[in-house]
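As provided, query-v5.txt (compact mmCIF, C-alpha atoms) reads as follows.
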# COMPACT_ATOMS: atom_id res chain seq x y z
CA MET A 5 -80.23 -32.97 18.97
CA LYS A 6 -81.69 -33.20 15.46
CA LYS A 7 -81.16 -30.32 13.11
CA TYR A 8 -82.75 -29.84 9.69
CA PHE A 9 -81.78 -27.14 7.21
CA VAL A 10 -84.86 -26.53 5.08
CA SER A 11 -84.09 -25.97 1.43
CA LEU A 12 -80.70 -24.65 2.50
CA ILE A 13 -78.13 -27.36 3.27
CA ILE A 14 -77.34 -30.38 1.11
CA THR A 15 -74.23 -32.50 1.71
CA PHE A 16 -73.13 -34.38 -1.37
CA VAL A 17 -70.21 -36.70 -2.20
CA ILE A 18 -69.14 -36.45 -5.81
CA ILE A 19 -68.27 -39.90 -7.10
CA THR A 20 -67.98 -39.38 -10.85
CA ILE A 21 -66.46 -36.57 -12.85
CA SER A 22 -68.06 -35.61 -16.18
CA SER A 23 -67.15 -33.25 -18.96
CA ILE A 24 -66.92 -29.62 -17.90
CA ASN A 25 -68.34 -28.43 -21.19
CA ALA A 26 -71.91 -29.71 -20.80
CA GLN A 27 -74.71 -27.22 -20.45
CA TRP A 28 -77.93 -26.69 -18.58
CA THR A 29 -81.05 -28.28 -20.00
CA MET A 30 -84.61 -27.02 -19.52
CA LYS A 31 -88.00 -28.52 -18.77
CA VAL A 32 -91.18 -26.45 -18.63
CA LEU A 33 -93.83 -27.38 -16.10
CA PRO A 34 -97.15 -28.40 -17.67
CA ASN A 35 -100.07 -26.02 -17.52
CA PRO A 36 -102.33 -26.65 -14.53
CA PRO A 37 -106.03 -27.40 -14.94
CA GLY A 38 -107.99 -24.51 -16.45
CA GLY A 39 -108.72 -21.64 -14.13
CA HIS A 40 -106.15 -22.55 -11.48
CA GLY A 41 -103.42 -19.98 -11.02
CA GLU A 42 -101.10 -18.43 -13.54
CA LEU A 43 -99.90 -20.65 -16.38
CA PRO A 44 -97.76 -22.23 -15.10
CA GLY A 45 -96.15 -19.48 -12.99
CA ARG A 46 -92.64 -18.49 -11.92
CA VAL A 47 -90.91 -21.27 -9.99
CA ASN A 48 -90.59 -19.89 -6.45
CA THR A 49 -89.35 -22.95 -4.58
CA LEU A 50 -87.78 -26.35 -5.27
CA TYR A 51 -87.53 -29.13 -2.71
CA SER A 52 -85.90 -32.57 -2.81
CA ASN A 53 -86.93 -35.45 -0.56
CA GLY A 54 -85.21 -38.74 -1.32
CA SER A 55 -85.91 -39.49 -4.97
CA ASN A 56 -88.84 -37.06 -5.09
CA LEU A 57 -88.77 -33.49 -6.38
CA TYR A 58 -91.34 -30.78 -5.70
CA ALA A 59 -91.80 -27.39 -7.36
CA GLY A 60 -94.06 -24.54 -6.22
CA THR A 61 -94.94 -21.56 -8.39
CA LEU A 62 -95.93 -17.93 -8.12
CA GLY A 63 -99.35 -18.79 -9.48
CA GLY A 64 -100.06 -21.17 -6.60
CA ASN A 65 -99.36 -24.42 -8.45
CA LEU A 66 -97.56 -27.45 -7.00
CA TYR A 67 -95.77 -30.08 -9.09
CA PHE A 68 -94.10 -33.42 -8.39
CA SER A 69 -91.43 -35.48 -10.17
CA SER A 70 -90.31 -39.01 -9.31
CA ASP A 71 -87.82 -39.39 -12.19
CA ASN A 72 -85.24 -36.69 -11.47
CA GLY A 73 -87.15 -33.90 -13.15
CA ASN A 74 -87.72 -35.56 -16.52
CA ASN A 75 -91.48 -35.54 -16.06
CA TRP A 76 -93.66 -33.38 -13.81
CA ALA A 77 -97.20 -33.94 -12.59
CA TYR A 78 -99.63 -31.40 -11.14
CA ILE A 79 -100.53 -32.63 -7.63
CA ASP A 80 -102.40 -29.85 -5.86
CA SER A 81 -105.95 -30.61 -6.91
CA GLY A 82 -108.10 -29.19 -4.12
CA LEU A 83 -105.27 -27.05 -2.77
CA THR A 84 -106.74 -23.56 -2.85
CA SER A 85 -103.48 -21.70 -2.27
CA SER A 86 -102.03 -18.46 -3.51
CA ASP A 87 -98.32 -18.11 -4.33
CA ILE A 88 -96.37 -21.13 -3.09
CA THR A 89 -93.23 -19.96 -1.31
CA ALA A 90 -91.87 -22.87 0.77
CA ILE A 91 -91.97 -26.67 0.94
CA LEU A 92 -90.95 -29.01 3.77
CA PHE A 93 -91.19 -32.77 4.30
CA TYR A 94 -91.15 -33.69 7.99
CA ASN A 95 -92.58 -36.56 10.04
CA ASN A 96 -94.05 -38.22 6.92
CA THR A 97 -95.96 -35.02 6.15
CA LEU A 98 -95.53 -32.66 3.20
CA PHE A 99 -95.93 -29.02 4.28
CA VAL A 100 -96.62 -26.37 1.65
CA GLY A 101 -96.37 -22.70 2.60
CA ALA A 102 -98.25 -20.09 0.58
CA TYR A 103 -98.17 -16.31 0.67
CA GLY A 104 -101.65 -15.16 1.61
CA SER A 105 -103.21 -18.51 2.48
CA GLY A 106 -100.98 -20.08 5.12
CA ILE A 107 -99.86 -23.71 5.36
CA TYR A 108 -101.32 -26.86 3.83
CA THR A 109 -100.34 -30.45 4.61
CA THR A 110 -100.73 -33.80 2.91
CA THR A 111 -99.72 -37.32 3.92
CA ASP A 112 -100.68 -38.95 0.59
CA ASN A 113 -98.56 -36.85 -1.79
CA GLY A 114 -101.28 -34.41 -2.71
CA LYS A 115 -104.35 -36.61 -3.07
CA SER A 116 -105.91 -34.84 -0.09
CA TRP A 117 -105.00 -31.67 1.82
CA LYS A 118 -105.57 -30.13 5.23
CA VAL A 119 -105.15 -26.57 6.41
CA SER A 120 -102.41 -26.51 9.03
CA GLY A 121 -103.47 -24.80 12.23
CA ALA A 122 -106.13 -22.13 12.57
CA SER A 123 -103.83 -20.63 15.22
CA LEU A 124 -101.46 -19.43 12.49
CA THR A 125 -102.62 -15.83 12.65
CA ASN A 126 -100.52 -14.56 9.73
CA LEU A 127 -100.95 -16.37 6.40
CA ASN A 128 -98.08 -14.73 4.48
CA VAL A 129 -95.71 -17.69 4.69
CA TYR A 130 -92.17 -17.42 3.33
CA SER A 131 -89.99 -20.12 4.90
CA PHE A 132 -89.73 -23.23 7.11
CA ALA A 133 -87.07 -24.51 9.49
CA VAL A 134 -86.91 -27.42 11.93
CA LEU A 135 -84.98 -27.37 15.21
CA ASP A 136 -85.12 -30.35 17.56
CA THR A 137 -88.76 -31.48 17.31
CA SER A 138 -90.27 -28.07 16.53
CA ILE A 139 -91.25 -26.66 13.15
CA PHE A 140 -90.75 -22.92 12.66
CA VAL A 141 -92.33 -20.79 9.97
CA GLY A 142 -91.35 -17.27 8.94
CA THR A 143 -94.16 -14.97 7.84
CA PHE A 144 -94.31 -11.51 6.32
CA GLY A 145 -95.98 -9.29 8.89
CA GLY A 146 -96.44 -11.88 11.62
CA GLY A 147 -92.85 -12.81 12.43
CA VAL A 148 -91.99 -16.37 13.46
CA PHE A 149 -94.40 -19.09 14.57
CA GLN A 150 -93.53 -22.40 16.26
CA SER A 151 -95.36 -25.72 16.19
CA LYS A 152 -94.53 -28.53 18.62
CA ASP A 153 -97.25 -30.87 17.32
CA ASN A 154 -96.37 -31.32 13.64
CA GLY A 155 -98.31 -28.28 12.48
CA THR A 156 -101.60 -28.85 14.32
CA THR A 157 -101.19 -25.65 16.35
CA TRP A 158 -98.90 -22.64 16.02
CA ALA A 159 -97.74 -19.99 18.48
CA GLY A 160 -95.98 -16.71 17.73
CA VAL A 161 -92.42 -16.51 19.12
CA ASN A 162 -91.46 -12.89 18.50
CA ASN A 163 -90.16 -11.40 21.76
CA GLY A 164 -87.39 -9.01 20.68
CA LEU A 165 -88.10 -9.49 16.97
CA THR A 166 -88.85 -5.86 16.23
CA ASN A 167 -89.38 -6.44 12.50
CA LEU A 168 -92.07 -9.05 11.80
CA ASP A 169 -91.44 -9.16 8.02
CA VAL A 170 -89.47 -12.42 7.99
CA ARG A 171 -88.28 -13.71 4.59
CA THR A 172 -86.03 -16.61 5.55
CA LEU A 173 -85.01 -18.86 8.45
CA GLY A 174 -81.83 -20.81 9.18
CA VAL A 175 -80.48 -23.12 11.88
CA LYS A 176 -76.96 -23.58 13.22
CA ASP A 177 -76.56 -25.98 16.14
CA SER A 178 -79.19 -24.77 18.62
CA ARG A 179 -79.31 -21.20 17.25
CA LEU A 180 -82.26 -20.10 15.10
CA PHE A 181 -81.75 -17.26 12.60
CA ALA A 182 -84.37 -15.05 10.98
CA GLY A 183 -83.68 -12.84 7.95
CA THR A 184 -86.02 -9.87 7.75
CA TRP A 185 -87.11 -7.41 5.10
CA GLY A 186 -85.49 -4.17 6.21
CA SER A 187 -83.90 -4.98 9.58
CA GLY A 188 -81.38 -7.65 8.66
CA ILE A 189 -80.57 -10.65 10.83
CA TYR A 190 -81.97 -11.74 14.18
CA TYR A 191 -80.98 -14.81 16.19
CA SER A 192 -82.50 -16.79 19.05
CA ASP A 193 -80.85 -19.31 21.36
CA ASP A 194 -84.10 -20.35 23.08
CA GLN A 195 -86.24 -21.49 20.14
CA GLY A 196 -87.69 -18.05 19.50
CA ALA A 197 -88.59 -17.13 23.08
CA SER A 198 -86.27 -14.12 22.71
CA TRP A 199 -84.44 -12.54 19.78
CA LEU A 200 -81.39 -10.32 19.33
CA GLN A 201 -80.38 -8.37 16.23
CA SER A 202 -76.95 -8.93 14.67
CA ASN A 203 -76.01 -6.92 11.57
CA ASN A 204 -72.37 -5.93 12.18
CA GLY A 205 -70.87 -5.50 8.71
CA ILE A 206 -74.10 -5.85 6.68
CA THR A 207 -75.08 -2.72 4.73
CA LYS A 208 -78.34 -3.64 3.01
CA LEU A 209 -80.74 -5.16 5.53
CA PHE A 210 -83.15 -6.83 3.10
CA ILE A 211 -82.35 -10.54 3.43
CA TYR A 212 -83.34 -13.25 0.95
CA VAL A 213 -81.58 -16.38 2.18
CA ILE A 214 -79.64 -17.86 5.11
CA ALA A 215 -77.53 -21.03 4.88
CA THR A 216 -75.14 -22.71 7.32
CA ASP A 217 -72.27 -25.16 6.97
CA GLY A 218 -70.07 -26.24 9.87
CA PRO A 219 -68.71 -23.08 11.53
CA ASN A 220 -69.84 -20.81 8.69
CA ILE A 221 -73.12 -18.95 8.22
CA TYR A 222 -74.00 -17.36 4.88
CA VAL A 223 -76.50 -14.60 4.08
CA GLY A 224 -77.62 -13.49 0.63
CA ASN A 225 -79.01 -10.05 -0.21
CA ASP A 226 -78.70 -7.53 -3.06
CA GLU A 227 -75.03 -6.90 -2.23
CA GLY A 228 -74.00 -10.52 -2.67
CA VAL A 229 -73.04 -13.10 -0.07
CA TYR A 230 -71.98 -12.38 3.50
CA ILE A 231 -70.14 -14.90 5.68
CA SER A 232 -69.95 -15.11 9.46
CA VAL A 233 -67.39 -17.36 11.15
CA ASN A 234 -68.38 -16.33 14.70
CA ASN A 235 -71.92 -17.67 14.94
CA GLY A 236 -73.54 -14.62 13.37
CA PHE A 237 -72.06 -11.87 15.55
CA SER A 238 -70.38 -10.15 12.60
CA TRP A 239 -70.41 -10.44 8.82
CA ILE A 240 -67.93 -9.95 5.98
CA LEU A 241 -69.00 -9.51 2.34
CA GLU A 242 -67.52 -12.18 0.03
CA SER A 243 -68.58 -11.38 -3.53
CA ASN A 244 -65.37 -11.42 -5.58
CA GLY A 245 -66.36 -12.58 -9.08
CA LEU A 246 -70.10 -12.11 -8.57
CA THR A 247 -70.94 -9.95 -11.56
CA ASN A 248 -74.56 -10.05 -10.42
CA THR A 249 -75.04 -9.65 -6.67
CA TYR A 250 -78.84 -10.00 -6.51
CA ILE A 251 -78.85 -13.28 -4.56
CA ARG A 252 -82.18 -15.13 -4.48
CA ALA A 253 -81.10 -18.62 -3.35
CA LEU A 254 -78.01 -20.23 -1.85
CA ILE A 255 -77.26 -23.89 -1.20
CA ILE A 256 -74.19 -25.67 0.11
CA ILE A 257 -72.86 -28.89 -1.38
CA HIS A 258 -69.96 -29.17 1.02
CA PRO A 259 -67.44 -27.68 0.57
CA ASN A 260 -68.89 -25.73 -2.37
CA LEU A 261 -71.42 -22.88 -2.50
CA ILE A 262 -73.92 -22.29 -5.31
CA VAL A 263 -76.13 -19.22 -5.65
CA ALA A 264 -79.03 -18.24 -7.91
CA THR A 265 -79.22 -14.61 -8.99
CA SER A 266 -81.89 -12.35 -10.40
CA GLY A 267 -80.46 -11.40 -13.76
CA GLN A 268 -77.39 -13.51 -14.44
CA GLY A 269 -78.17 -17.10 -13.54
CA VAL A 270 -76.04 -19.31 -11.32
CA PHE A 271 -72.60 -18.83 -9.73
CA ALA A 272 -70.49 -21.24 -7.68
CA SER A 273 -67.57 -20.99 -5.25
CA MET A 274 -65.10 -23.53 -3.89
CA ASN A 275 -63.55 -21.37 -1.17
CA ASN A 276 -66.30 -20.12 1.14
CA GLY A 277 -67.34 -17.38 -1.27
CA GLY A 278 -63.89 -15.84 -1.60
CA LEU A 279 -64.04 -16.41 -5.36
CA TRP A 280 -67.15 -16.91 -7.50
CA THR A 281 -67.37 -18.11 -11.09
CA PRO A 282 -70.38 -18.25 -13.44
CA ALA A 283 -71.98 -21.68 -13.88
CA ASP A 284 -74.50 -20.62 -16.49
CA SER A 285 -73.38 -22.26 -19.74
CA GLY A 286 -76.57 -22.83 -21.70
CA LEU A 287 -78.75 -21.18 -19.06
CA THR A 288 -80.58 -18.71 -21.27
CA ASP A 289 -82.85 -17.36 -18.52
CA GLY A 290 -80.73 -15.44 -16.04
CA TYR A 291 -83.59 -14.85 -13.59
CA THR A 292 -83.31 -17.79 -11.20
CA TYR A 293 -85.16 -17.90 -7.89
CA CYS A 294 -84.52 -21.26 -6.22
CA LEU A 295 -82.07 -24.17 -6.16
CA THR A 296 -81.99 -27.77 -5.01
CA VAL A 297 -80.00 -30.97 -5.57
CA ASN A 298 -81.62 -34.32 -6.29
CA GLY A 299 -79.18 -37.22 -6.37
CA SER A 300 -76.35 -36.00 -8.57
CA THR A 301 -78.29 -33.27 -10.38
CA LEU A 302 -78.49 -29.55 -9.67
CA PHE A 303 -81.83 -27.84 -10.36
CA ALA A 304 -82.70 -24.14 -10.72
CA GLY A 305 -86.19 -22.64 -10.97
CA ALA A 306 -86.83 -19.67 -13.26
CA LEU A 307 -89.59 -17.66 -14.95
CA ASP A 308 -92.64 -19.09 -16.71
CA GLY A 309 -92.44 -22.58 -15.18
CA GLU A 310 -88.88 -23.22 -16.36
CA ILE A 311 -86.83 -25.76 -14.41
CA TRP A 312 -83.20 -26.02 -15.46
CA SER A 313 -80.98 -28.97 -14.60
CA ARG A 314 -77.33 -29.89 -14.88
CA PRO A 315 -75.12 -32.66 -13.43
CA LEU A 316 -73.66 -31.30 -10.24
CA SER A 317 -70.24 -32.77 -10.93
CA GLU A 318 -69.96 -30.64 -14.09
CA VAL A 319 -70.49 -27.44 -12.11
CA VAL A 320 -67.96 -28.31 -9.41
CA THR A 321 -65.40 -29.76 -11.84
CA GLY A 322 -65.69 -26.67 -14.01
CA ILE A 323 -64.70 -24.46 -11.08
CA LYS A 324 -61.73 -26.67 -10.26
CA GLU A 325 -60.44 -26.59 -13.83
CA LYS A 326 -61.00 -22.89 -14.43
CA TYR A 327 -59.34 -21.78 -11.22
CA LYS A 328 -56.76 -24.51 -10.82
CA GLY A 329 -53.85 -23.03 -8.88
CA ILE A 330 -55.98 -20.22 -7.45
CA VAL A 331 -58.27 -21.96 -4.97
CA ALA A 332 -57.30 -23.29 -1.55
CA GLY A 333 -54.65 -26.00 -1.77
CA SER A 334 -52.31 -23.71 -3.71
CA PHE A 335 -52.79 -20.55 -1.70
CA GLU A 336 -53.09 -21.18 2.03
CA LEU A 337 -53.77 -19.09 5.12
CA PHE A 338 -52.83 -21.02 8.26
CA GLN A 339 -54.20 -20.84 11.77
CA ASN A 340 -52.24 -18.43 13.95
CA TYR A 341 -49.95 -19.86 16.65
CA PRO A 342 -50.27 -19.73 19.56
CA ASN A 343 -54.04 -19.46 19.77
CA PRO A 344 -55.28 -18.25 22.23
CA PHE A 345 -52.43 -15.75 22.54
CA ASN A 346 -51.19 -12.97 24.87
CA PRO A 347 -50.25 -10.52 23.51
CA THR A 348 -48.42 -11.71 20.36
CA THR A 349 -49.04 -14.45 17.83
CA THR A 350 -47.70 -15.52 14.44
CA ILE A 351 -49.81 -15.67 11.27
CA SER A 352 -48.44 -17.77 8.40
CA TYR A 353 -49.45 -18.02 4.77
CA HIS A 354 -48.29 -19.55 1.49
CA ILE A 355 -48.65 -18.22 -2.05
CA PRO A 356 -47.62 -20.28 -5.11
CA LYS A 357 -46.89 -17.32 -7.39
CA SER A 358 -46.18 -13.62 -7.26
CA GLU A 359 -49.33 -11.83 -6.12
CA PHE A 360 -50.49 -8.65 -4.41
CA VAL A 361 -51.36 -9.66 -0.84
CA ILE A 362 -53.57 -7.87 1.68
CA ILE A 363 -54.00 -9.18 5.22
CA LYS A 364 -56.20 -7.30 7.67
CA VAL A 365 -57.36 -7.87 11.24
CA TYR A 366 -60.97 -7.24 12.34
CA ASP A 367 -62.70 -7.20 15.69
CA ILE A 368 -65.87 -9.14 16.49
CA THR A 369 -68.07 -6.32 15.15
CA GLY A 370 -66.37 -6.45 11.75
CA ARG A 371 -64.45 -3.19 12.34
CA GLU A 372 -61.00 -3.10 10.76
CA ILE A 373 -58.26 -3.06 13.41
CA GLN A 374 -54.98 -3.23 11.52
CA THR A 375 -53.48 -3.90 8.08
CA LEU A 376 -50.63 -6.41 8.39
CA VAL A 377 -49.70 -6.80 4.71
CA ASN A 378 -50.46 -4.57 1.73
CA GLU A 379 -47.87 -5.23 -0.98
CA ASN A 380 -46.78 -7.52 -3.78
CA LYS A 381 -45.20 -10.80 -2.58
CA ASN A 382 -43.19 -13.39 -4.48
CA ALA A 383 -44.13 -17.07 -4.29
CA GLY A 384 -43.22 -18.60 -0.94
CA ASN A 385 -44.04 -19.04 2.72
CA TYR A 386 -44.42 -16.02 5.01
CA ASN A 387 -44.81 -15.37 8.72
CA ILE A 388 -46.23 -12.21 10.31
CA ARG A 389 -46.11 -11.24 13.96
CA PHE A 390 -49.29 -9.68 15.30
CA ASP A 391 -49.19 -7.74 18.56
CA GLY A 392 -52.47 -7.32 20.43
CA GLY A 393 -50.95 -5.52 23.37
CA ASN A 394 -53.17 -2.48 22.88
CA LEU A 395 -56.34 -4.51 22.41
CA SER A 396 -58.79 -5.95 24.91
CA SER A 397 -59.35 -9.67 25.34
CA GLY A 398 -61.77 -11.22 22.88
CA ILE A 399 -62.29 -12.78 19.47
CA TYR A 400 -60.60 -11.30 16.39
CA PHE A 401 -60.42 -12.29 12.73
CA TYR A 402 -57.71 -12.05 10.10
CA LYS A 403 -58.45 -12.11 6.39
CA ILE A 404 -56.20 -12.57 3.37
CA ASN A 405 -56.81 -11.38 -0.18
CA ALA A 406 -54.23 -12.63 -2.67
CA GLY A 407 -55.40 -12.08 -6.21
CA GLU A 408 -58.66 -14.01 -6.35
CA TYR A 409 -57.97 -16.09 -3.25
CA THR A 410 -59.68 -15.15 0.02
CA SER A 411 -59.73 -16.82 3.43
CA ILE A 412 -60.71 -15.84 6.98
CA LYS A 413 -59.48 -17.29 10.30
CA LYS A 414 -60.51 -16.64 13.90
CA MET A 415 -58.06 -15.96 16.75
CA ILE A 416 -58.53 -15.35 20.46
CA LEU A 417 -56.67 -12.75 22.53
CA MET A 418 -56.74 -13.83 26.17
CA LYS A 419 -55.04 -11.51 28.69
Same coordinates, now as structure tokens:
Amino acid sequence: MKKYFVSLIITFVIITISSINAQWTMKVLPNPPGGHGELPGRVNTLYSNGSNLYAGTLGGNLYFSSDNGNNWAYIDSGLTSSDITAILFYNNTLFVGAYGSGIYTTTDNGKSWKVSGASLTNLNVYSFAVLDTSIFVGTFGGGVFQSKDNGTTWAGVNNGLTNLDVRTLGVKDSRLFAGTWGSGIYYSDDQGASWLQSNNGITKLFIYVIATDGPNIYVGNDEGVYISVNNGFSWILESNGLTNTYIRALIIIHPNLIVATSGQGVFASMNNGGLWTPADSGLTDGYTYCLTVNGSTLFAGALDGEIWSRPLSEVVTGIKEKYKGIVAGSFELFQNYPNPFNPTTTISYHIPKSEFVIIKVYDITGREIQTLVNENKNAGNYNIRFDGGNLSSGIYFYKINAGEYTSIKKMILMK
């Protein structure tokens, strides 16, 4: 089964380590030909495909770079689009989604364009995703559409999707996720033939971004970043250190997370969002709307055609240096044993210095069940016995907060 995470997941191996003191640098997209769109327009979306970079703007302009963002060319001559919101390269075809004018495709890097599918009955496109051999598109007002023929035809797949204002899509294994504007998260296990809502733990239901990495699913909204470790059935807010929680983009460079915010630039985390630190040195425009990685460089799109770049290794190394001794590897929450258990199990953890420790247990809906630890602890190894004798069989979670360190583990009570 092939799985593609569109503009969401990027796995990267850091080979070199650079100075942590370097800053972001800025390029401004050139003005498009006279009379076409705003000049040049807010950068709505960035997309990397091999050595190629693409940028789409609020004014409906599309740009291309083949030299890691040093130079940009305007490539949408003849593309009569409105605001460009999403880009996808699939099956040797470049798909461009626009709010108000649907989907356009090119197979010659913008020399000629085609409108993708008259059967796309809603033209307010916001996002793409690919699952198996199908392309999915999320639209504002029309829900989710599926194409099985590389964008030639589209069919609505909205049974159970009671809010059709879809802002973002994500894929984990064979599960498709849709983030809506006002009704939170929906998921489908049958490629959109039916949908179920899943917002346990999420307060604000206006979703901007979904990203997945291994067992974890991440959601960004105006509260910060939520994480689910149980395939989206419940969510826990992980925003410690996020001094701006207006999340507009989130990418994963395993095992690190990077987010773009509306107002305070870029933040990064090494421990699944348990601790965030600013990565905005030299980034003078705090309003960032999209992120991507090309080779070893991190890019962020901002207002007025600004595209900021910075070596990715500097961002990640900076986190390691700043929070050395705080991130995982010093603090550690271990998997409970036995697991599954009936009715008791032991939870172990290690802290390298004196710290106030809180450990709580949650059920699958995100409801707090019990506080196991809530006191200052000296450096050392600790074991806690948890008794689930009064609980029903099922999946539970335990979470530790120790200073700025956070971690979550899953356990199974089987009676």
Looking at only C-alpha atoms, which of A:Ser70, A:Gln339, A:Trp312, A:Leu135 is the one that sits closest to A:Val175?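 Using only C-alpha atoms, the shortest distance to A:Val175 belongs to A:Leu135.
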With all atoms listed in the file as the counted atoms, please give the residues lying no more than 6 Å from A:Ser198, apart from itself and same-chain residues fewer than 2 positions off, as an MDAnalysis selection string. chainID A and resid 163:164 192 196
Can you measure atom CA of A:Lys419 to atom CA of A:Asn394 for me? One decimal in Å is fine.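 Those two atoms sit 10.9 Å apart.
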Using all atoms listed in the file, what residues lie at most 9 Å away from (-95.1, -37.1, 5.8) (file coordinates), given as a PDB file with C-alpha atoms, in the coordinates of the input?
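Final output, selection.pdb:
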ATOM      1  CA  PHE A  93     -91.190 -32.770   4.300  1.00  0.00           C
ATOM      2  CA  TYR A  94     -91.150 -33.690   7.990  1.00  0.00           C
ATOM      3  CA  ASN A  95     -92.580 -36.560  10.040  1.00  0.00           C
ATOM      4  CA  ASN A  96     -94.050 -38.220   6.920  1.00  0.00           C
ATOM      5  CA  THR A  97     -95.960 -35.020   6.150  1.00  0.00           C
ATOM      6  CA  LEU A  98     -95.530 -32.660   3.200  1.00  0.00           C
ATOM      7  CA  PHE A  99     -95.930 -29.020   4.280  1.00  0.00           C
ATOM      8  CA  THR A 109    -100.340 -30.450   4.610  1.00  0.00           C
ATOM      9  CA  THR A 110    -100.730 -33.800   2.910  1.00  0.00           C
ATOM     10  CA  THR A 111     -99.720 -37.320   3.920  1.00  0.00           C
ATOM     11  CA  ASP A 112    -100.680 -38.950   0.590  1.00  0.00           C
ATOM     12  CA  ASN A 113     -98.560 -36.850  -1.790  1.00  0.00           C
TER      13      ASN A 113
END
Take the point (-84.5, -16.4, -18.7) as written in the file and pick out every residue within 12 Å of it, counting only C-alpha atoms; give the list as a ChimeraX atom specification. /A:30,46-47,265-270,284,286-293,304-312
Residue contacts of A:Leu316 (8 Å, all atoms listed in the file) excluding same-chain residues fewer than 2 positions away, as a VMD selection string: chain A and resid 297 300 to 302 314 318 to 320
Non-local contacts of A:Asp194 (12 Å; all atoms listed in the file; under 2 positions in same chain excluded) as a PyMOL selection string: chain A and resi 135-136+138+150+161-163+177-181+191-192+196-200
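The space between atom CA of A:Gly392 and atom CA of A:Glu379 spans 22.0 Å.
Counting only C-alpha atoms and comparing A:Trp280, A:Tyr386, A:Tyr58, A:Tyr222, the residue that lies closest to A:Gly245 is A:Trp280.
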Please provide the set of residues having any atom within 6 Å of A:Ile262, restricted to all atoms listed in the file, with same-chain residues fewer than 4 positions apart removed, written as number ranges by chain. A: 254-255, 271-272
State, in Å with one decimal place, the distance from atom CA of A:Ala406 to atom CA of A:Gly370.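 Computed distance, atom CA of A:Ala406 to atom CA of A:Gly370, equals 19.8 Å.
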Please provide the set of residues having any atom within 10 Å of A:Gly398, restricted to only C-alpha atoms, with same-chain residues fewer than 4 positions apart removed, written as number ranges by chain. A: 344, 367-368, 415-419
Pick out the closest residue to A:Asn405 from this set: A:Asn244, A:Leu261, A:Lys357, A:Gly73. Count only C-alpha atoms. A:Asn244
Between A:Ser123, A:Thr156, A:Asn385, A:Asn378, single out the one closest to A:Glu336, counting all atoms listed in the file.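 Once distances to A:Glu336 are computed over all atoms listed in the file, the minimum belongs to A:Asn385.
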Among listed residues A:Pro282, A:Gly186, A:Gly384, A:Gly218, nearest A:His258 (using all atoms listed in the file): A:Gly218
Could you check which of A:Phe68, A:Gly278, A:Ile412, A:Gly145 is closest to A:Thr125, using all atoms listed in the file?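 Distance minimum relative to A:Thr125 lands on A:Gly145.
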With N, CA and C atoms as the goal, would you fill in the gaps in stretch 54-65 of chain A and present it as a PDB file, in the coordinates of the input?
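Result written to out_9.pdb:
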ATOM      1  N   GLY A  54     -85.537 -37.426  -0.775  1.00  0.00           N
ATOM      2  CA  GLY A  54     -85.210 -38.740  -1.320  1.00  0.00           C
ATOM      3  C   GLY A  54     -85.120 -38.666  -2.827  1.00  0.00           C
ATOM      4  N   SER A  55     -85.893 -39.502  -3.504  1.00  0.00           N
ATOM      5  CA  SER A  55     -85.910 -39.490  -4.970  1.00  0.00           C
ATOM      6  C   SER A  55     -86.982 -38.565  -5.527  1.00  0.00           C
ATOM      7  N   ASN A  56     -87.720 -37.901  -4.663  1.00  0.00           N
ATOM      8  CA  ASN A  56     -88.840 -37.060  -5.090  1.00  0.00           C
ATOM      9  C   ASN A  56     -88.442 -35.594  -5.168  1.00  0.00           C
ATOM     10  N   LEU A  57     -88.972 -34.920  -6.191  1.00  0.00           N
ATOM     11  CA  LEU A  57     -88.770 -33.490  -6.380  1.00  0.00           C
ATOM     12  C   LEU A  57     -90.116 -32.783  -6.361  1.00  0.00           C
ATOM     13  N   TYR A  58     -90.133 -31.593  -5.734  1.00  0.00           N
ATOM     14  CA  TYR A  58     -91.340 -30.780  -5.700  1.00  0.00           C
ATOM     15  C   TYR A  58     -91.010 -29.381  -6.186  1.00  0.00           C
ATOM     16  N   ALA A  59     -91.965 -28.761  -6.874  1.00  0.00           N
ATOM     17  CA  ALA A  59     -91.800 -27.390  -7.360  1.00  0.00           C
ATOM     18  C   ALA A  59     -93.080 -26.613  -7.068  1.00  0.00           C
ATOM     19  N   GLY A  60     -92.925 -25.412  -6.482  1.00  0.00           N
ATOM     20  CA  GLY A  60     -94.060 -24.540  -6.220  1.00  0.00           C
ATOM     21  C   GLY A  60     -93.907 -23.246  -6.985  1.00  0.00           C
ATOM     22  N   THR A  61     -95.028 -22.707  -7.490  1.00  0.00           N
ATOM     23  CA  THR A  61     -94.940 -21.560  -8.390  1.00  0.00           C
ATOM     24  C   THR A  61     -95.646 -20.326  -7.834  1.00  0.00           C
ATOM     25  N   LEU A  62     -95.342 -19.216  -8.466  1.00  0.00           N
ATOM     26  CA  LEU A  62     -95.930 -17.930  -8.120  1.00  0.00           C
ATOM     27  C   LEU A  62     -97.442 -17.923  -8.312  1.00  0.00           C
ATOM     28  N   GLY A  63     -97.917 -18.725  -9.234  1.00  0.00           N
ATOM     29  CA  GLY A  63     -99.350 -18.790  -9.480  1.00  0.00           C
ATOM     30  C   GLY A  63    -100.096 -19.709  -8.542  1.00  0.00           C
ATOM     31  N   GLY A  64     -99.402 -20.303  -7.558  1.00  0.00           N
ATOM     32  CA  GLY A  64    -100.060 -21.170  -6.600  1.00  0.00           C
ATOM     33  C   GLY A  64    -100.181 -22.607  -7.064  1.00  0.00           C
ATOM     34  N   ASN A  65     -99.295 -23.059  -7.920  1.00  0.00           N
ATOM     35  CA  ASN A  65     -99.360 -24.420  -8.450  1.00  0.00           C
ATOM     36  C   ASN A  65     -98.223 -25.272  -7.896  1.00  0.00           C
TER      37      ASN A  65
END
